[in-house]
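Enquirer: I'd like to ask you about the structure that follows.
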Amino acid sequence: SQQGEEDPQALSIQEGENATMNCSYKTSINNLQWYRQNSGRGLVHLILIRSNEREKHSGRLRVTLDTSKKSSSLLITASRAADTASYFCAPGGSYIPTFGRGTSLIVHP
Amino acid sequence: EAGVAQSPRYKIIEKRQSVAFWCNPISGHATLYWYQQILGQGPKLLIQFQNNGVVDDSQLPKDRFSAERLKGVDSTLKIQPAKLEDSAVYLCASSRDRVGNIQYFGAGTRLSVL
């Protein structure tokens with residue numbers, strides 16, 4: 001299995017600010033996925049970036065992938081209170097991806 | 001399409017009792033996962049099925065936990081007997097296939113063991 005490690009563990013920002021969280025992993029991947037988990041709910045898939053892509057956008061989300069550094073970042077622009085959640089990365093390949101502790105994001109109105 | 005269904009949403013039991021959780025994955029999804037998520041931690045994979053066969057159950061405490069996926073569709077996860085440390089949210093997820101696919105999660109079952 002391959003576990004992604006998210007950093008920072010906690011992030012607190014004001015509404016309208018940008019939020020950046022990072023993910024590191026150890027072995028080669030086919031893709032990397034980001035998930036969001038609102039309190040008391042299941043995880044929701046946000047975005048998938050393939051190993052041959054360097055950047056991907058989806059609405060206010062921007063994901064980058066640097067396979068040479070085995071790292072990815074998730075940027076949420078113009079954050080909203082509704083973005084308050086935990087965010088997890090999941091490196092994908094020919095193995096079972098496992099989840100780290102995630103980044104807990106709090107967006108203050 | 002309908003999402004992953006889980007029941008019950010909440011369960012409170014006393015230690016040493018038994019409990020079972022049910023999951024109905026998205027139609028056509030070959031892979032089904034059960035996760036345990038303790039408060040403040042990420043989801044921990046307990047068992048992964050590919051159709052009705054087990055792919056990985058290395059982190060399943062087999063002395064008390066069991067899981068089955070009949071006919072490659074619905075699945076049940078059972079704990080017998082429960083311990084205090086089993087208090088957690090149990091998440092079920094499914095994906096089209098097992099290699100690098102998007103996982104779709106149910107809302108989870110919150111178990112409290114008293």
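By convention here, the chains of the structure tokens are called A, B, ... in the order presented, each chain's residues are numbered starting at 1, and ligands are numbered starting at 1 in the order presented.
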Give the strand (DSSP E or B) residues of chain A, as DSSP finds them on the backbone, and put them as JSON, numbers by chain.

Expert: {"A": [2, 3, 5, 6, 7, 10, 11, 12, 13, 14, 19, 20, 21, 22, 23, 24, 31, 32, 33, 34, 35, 36, 37, 43, 44, 45, 46, 47, 48, 49, 50, 55, 56, 57, 58, 61, 62, 63, 64, 65, 66, 71, 72, 73, 74, 75, 76, 85, 86, 87, 88, 89, 90, 91, 92, 93, 95, 97, 98, 103, 104, 105, 106, 107, 108]}

Enquirer: Would you save the residues from that selection as a PDB file, in the first residue's frame, using C-alpha atoms?

Expert:
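Wrote it out as again_17.pdb, contents follow:
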ATOM      1  CA  GLN A   2       1.042   3.618  -0.380  1.00  0.00           C
ATOM      2  CA  GLN A   3       0.074   6.328   2.061  1.00  0.00           C
ATOM      3  CA  GLU A   5       1.110  12.359   4.041  1.00  0.00           C
ATOM      4  CA  GLU A   6      -0.694  15.700   4.200  1.00  0.00           C
ATOM      5  CA  ASP A   7       0.815  18.897   5.525  1.00  0.00           C
ATOM      6  CA  ALA A  10      -4.291  22.096  10.548  1.00  0.00           C
ATOM      7  CA  LEU A  11      -4.917  25.336   8.702  1.00  0.00           C
ATOM      8  CA  SER A  12      -7.041  28.275   9.822  1.00  0.00           C
ATOM      9  CA  ILE A  13      -7.819  31.150   7.459  1.00  0.00           C
ATOM     10  CA  GLN A  14     -10.333  33.916   6.845  1.00  0.00           C
ATOM     11  CA  ALA A  19      -5.623  27.809   1.290  1.00  0.00           C
ATOM     12  CA  THR A  20      -2.707  25.612   0.266  1.00  0.00           C
ATOM     13  CA  MET A  21      -2.104  22.104   1.497  1.00  0.00           C
ATOM     14  CA  ASN A  22       0.571  19.635   0.499  1.00  0.00           C
ATOM     15  CA  CYS A  23       0.910  15.907   0.040  1.00  0.00           C
ATOM     16  CA  SER A  24       4.013  13.749  -0.083  1.00  0.00           C
ATOM     17  CA  ASN A  31      -2.299   9.256 -10.481  1.00  0.00           C
ATOM     18  CA  LEU A  32      -3.009  11.167  -7.291  1.00  0.00           C
ATOM     19  CA  GLN A  33      -6.419  12.030  -5.940  1.00  0.00           C
ATOM     20  CA  TRP A  34      -7.651  14.591  -3.455  1.00  0.00           C
ATOM     21  CA  TYR A  35     -10.698  14.032  -1.264  1.00  0.00           C
ATOM     22  CA  ARG A  36     -12.675  16.232   1.110  1.00  0.00           C
ATOM     23  CA  GLN A  37     -14.463  15.108   4.260  1.00  0.00           C
ATOM     24  CA  LEU A  43     -15.122  11.353   1.829  1.00  0.00           C
ATOM     25  CA  VAL A  44     -15.939  13.089  -1.440  1.00  0.00           C
ATOM     26  CA  HIS A  45     -13.633  12.933  -4.444  1.00  0.00           C
ATOM     27  CA  LEU A  46     -12.439  16.374  -5.555  1.00  0.00           C
ATOM     28  CA  ILE A  47      -9.914  15.944  -8.333  1.00  0.00           C
ATOM     29  CA  LEU A  48      -7.605  13.387  -9.953  1.00  0.00           C
ATOM     30  CA  ILE A  49      -4.288  14.312 -11.549  1.00  0.00           C
ATOM     31  CA  ARG A  50      -2.411  11.789 -13.684  1.00  0.00           C
ATOM     32  CA  GLU A  55      -1.274  21.007 -13.070  1.00  0.00           C
ATOM     33  CA  LYS A  56      -5.030  20.651 -13.116  1.00  0.00           C
ATOM     34  CA  HIS A  57      -7.884  23.017 -12.362  1.00  0.00           C
ATOM     35  CA  SER A  58     -11.450  22.430 -11.268  1.00  0.00           C
ATOM     36  CA  LEU A  61      -9.331  24.141  -6.988  1.00  0.00           C
ATOM     37  CA  ARG A  62      -5.845  23.975  -8.438  1.00  0.00           C
ATOM     38  CA  VAL A  63      -3.728  20.859  -8.048  1.00  0.00           C
ATOM     39  CA  THR A  64      -0.072  20.533  -8.935  1.00  0.00           C
ATOM     40  CA  LEU A  65       2.007  17.384  -9.128  1.00  0.00           C
ATOM     41  CA  ASP A  66       5.781  17.097  -9.032  1.00  0.00           C
ATOM     42  CA  SER A  71       4.699  15.733  -3.904  1.00  0.00           C
ATOM     43  CA  SER A  72       1.423  17.417  -4.753  1.00  0.00           C
ATOM     44  CA  SER A  73      -0.328  20.554  -3.613  1.00  0.00           C
ATOM     45  CA  LEU A  74      -3.979  21.542  -3.457  1.00  0.00           C
ATOM     46  CA  LEU A  75      -4.833  25.229  -3.662  1.00  0.00           C
ATOM     47  CA  ILE A  76      -8.316  26.465  -2.837  1.00  0.00           C
ATOM     48  CA  ALA A  85     -13.418  20.250   6.106  1.00  0.00           C
ATOM     49  CA  SER A  86     -10.574  17.753   6.228  1.00  0.00           C
ATOM     50  CA  TYR A  87      -8.659  17.156   3.015  1.00  0.00           C
ATOM     51  CA  PHE A  88      -6.896  13.909   2.134  1.00  0.00           C
ATOM     52  CA  CYS A  89      -4.623  12.892  -0.708  1.00  0.00           C
ATOM     53  CA  ALA A  90      -4.530   9.366  -2.113  1.00  0.00           C
ATOM     54  CA  PRO A  91      -1.597   8.330  -4.324  1.00  0.00           C
ATOM     55  CA  GLY A  92      -2.858   5.821  -6.892  1.00  0.00           C
ATOM     56  CA  GLY A  93      -1.026   3.038  -8.656  1.00  0.00           C
ATOM     57  CA  TYR A  95      -1.394  -0.939  -5.090  1.00  0.00           C
ATOM     58  CA  PRO A  97      -3.840   3.708  -1.666  1.00  0.00           C
ATOM     59  CA  THR A  98      -4.184   4.511   1.984  1.00  0.00           C
ATOM     60  CA  THR A 103      -5.276  18.557   6.636  1.00  0.00           C
ATOM     61  CA  SER A 104      -8.016  20.064   8.760  1.00  0.00           C
ATOM     62  CA  LEU A 105      -9.051  23.376   7.188  1.00  0.00           C
ATOM     63  CA  ILE A 106     -11.120  25.919   9.070  1.00  0.00           C
ATOM     64  CA  VAL A 107     -12.411  28.935   7.144  1.00  0.00           C
ATOM     65  CA  HIS A 108     -13.684  31.701   9.399  1.00  0.00           C
TER      66      HIS A 108
END

Enquirer: May I have the residues within 10 Å of B:Tyr104 as a tab-separated table (two decimals) with C-alpha atoms, in the first residue's frame, using only C-alpha atoms and disregarding those fewer than 5 positions away in the same chain?

Expert:
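So around-v6.tsv came out as:
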chain	number	residue	atom	x	y	z
A	42	GLY	CA	-17.93	10.21	4.08
A	43	LEU	CA	-15.12	11.35	1.83
A	44	VAL	CA	-15.94	13.09	-1.44
A	45	HIS	CA	-13.63	12.93	-4.44
B	3	GLY	CA	-24.50	6.64	-4.33
B	4	VAL	CA	-23.10	4.16	-1.85
B	25	PRO	CA	-22.18	-0.07	-3.50
B	26	ILE	CA	-22.79	1.82	-6.72
B	29	HIS	CA	-18.62	-1.22	-9.22
B	32	LEU	CA	-15.68	-2.50	-2.43
B	33	TYR	CA	-13.76	-1.17	0.58
B	92	CYS	CA	-17.82	1.81	2.91
B	93	ALA	CA	-16.57	2.84	-0.52
B	94	SER	CA	-16.74	1.41	-4.01
B	95	SER	CA	-14.89	1.95	-7.27
B	96	ARG	CA	-15.17	0.67	-10.82

Enquirer: Do you have, as JSON lines, the list of residues of chain B lying at most 9 Å from chain A, each with its nearest atom pair and that distance in Å to one decimal, counting only C-alpha atoms and ordered by chain then number?

Expert:
{"residue": "B:Gly40", "atom": "CA", "partner": "A:Arg101", "partner_atom": "CA", "distance": 7.3}
{"residue": "B:Gln41", "atom": "CA", "partner": "A:Arg101", "partner_atom": "CA", "distance": 4.9}
{"residue": "B:Gly42", "atom": "CA", "partner": "A:Arg101", "partner_atom": "CA", "distance": 4.3}
{"residue": "B:Pro43", "atom": "CA", "partner": "A:Phe99", "partner_atom": "CA", "distance": 6.0}
{"residue": "B:Lys44", "atom": "CA", "partner": "A:Phe99", "partner_atom": "CA", "distance": 6.9}
{"residue": "B:Leu45", "atom": "CA", "partner": "A:Thr98", "partner_atom": "CA", "distance": 6.9}
{"residue": "B:Gln48", "atom": "CA", "partner": "A:Ile96", "partner_atom": "CA", "distance": 8.8}
{"residue": "B:Asp56", "atom": "CA", "partner": "A:Ile96", "partner_atom": "CA", "distance": 8.6}
{"residue": "B:Val89", "atom": "CA", "partner": "A:Gly40", "partner_atom": "CA", "distance": 8.3}
{"residue": "B:Leu91", "atom": "CA", "partner": "A:Gly42", "partner_atom": "CA", "distance": 6.7}
{"residue": "B:Cys92", "atom": "CA", "partner": "A:Gly42", "partner_atom": "CA", "distance": 8.5}
{"residue": "B:Ala93", "atom": "CA", "partner": "A:Gly42", "partner_atom": "CA", "distance": 8.8}
{"residue": "B:Arg98", "atom": "CA", "partner": "A:Ile96", "partner_atom": "CA", "distance": 7.6}
{"residue": "B:Val99", "atom": "CA", "partner": "A:Ser94", "partner_atom": "CA", "distance": 5.5}
{"residue": "B:Gly100", "atom": "CA", "partner": "A:Gly92", "partner_atom": "CA", "distance": 4.3}
{"residue": "B:Asn101", "atom": "CA", "partner": "A:Gly92", "partner_atom": "CA", "distance": 7.5}
{"residue": "B:Ile102", "atom": "CA", "partner": "A:His45", "partner_atom": "CA", "distance": 7.0}
{"residue": "B:Gln103", "atom": "CA", "partner": "A:His45", "partner_atom": "CA", "distance": 7.1}
{"residue": "B:Tyr104", "atom": "CA", "partner": "A:Val44", "partner_atom": "CA", "distance": 6.9}
{"residue": "B:Phe105", "atom": "CA", "partner": "A:Gly42", "partner_atom": "CA", "distance": 5.5}
{"residue": "B:Gly106", "atom": "CA", "partner": "A:Gly42", "partner_atom": "CA", "distance": 5.6}
{"residue": "B:Ala107", "atom": "CA", "partner": "A:Gly42", "partner_atom": "CA", "distance": 4.5}
{"residue": "B:Gly108", "atom": "CA", "partner": "A:Gly42", "partner_atom": "CA", "distance": 5.9}
{"residue": "B:Arg110", "atom": "CA", "partner": "A:Gly40", "partner_atom": "CA", "distance": 8.3}

Enquirer: How far is it from atom CA of A:Arg60 to atom CA of A:Ser79, in Å with one decimal?

Expert: 8.3 Å

Enquirer: Which residue gives the smallest distance to B:Trp22 among B:Leu39, B:Leu114, B:Ala5, B:Ile79, with only C-alpha atoms counted?

Expert: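 Closest residue, counting only C-alpha atoms: B:Ala5.
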
Enquirer: Using only C-alpha atoms, determine which residues lie at most 12 Å from A:Ser68, disregarding the query and same-chain residues fewer than 6 positions distant; provide the list as a list in words.

Expert: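 So, after excluding close chain neighbours, the residues are Ser24, Tyr25, Lys26, Thr27, Ser28, Ile29, Ser51, Asn52 and Arg54 of chain A.
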
Enquirer: Run DSSP on the backbone and tell me which residues of chain B come out as helix (DSSP H, G or I); list them as a list in words.

Expert: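 Everything in chain B that counts as helix (DSSP H, G or I) is Leu70, Lys71, Gly72, Leu84, Glu85 and Asp86 of chain B.
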
Enquirer: Hey, what's within 8 Å of B:Pro8 if we count only C-alpha atoms and toss same-chain stuff fewer than 2 positions away? As a ChimeraX atom specification, please?

Expert: /B:6,10-11,21-22,109
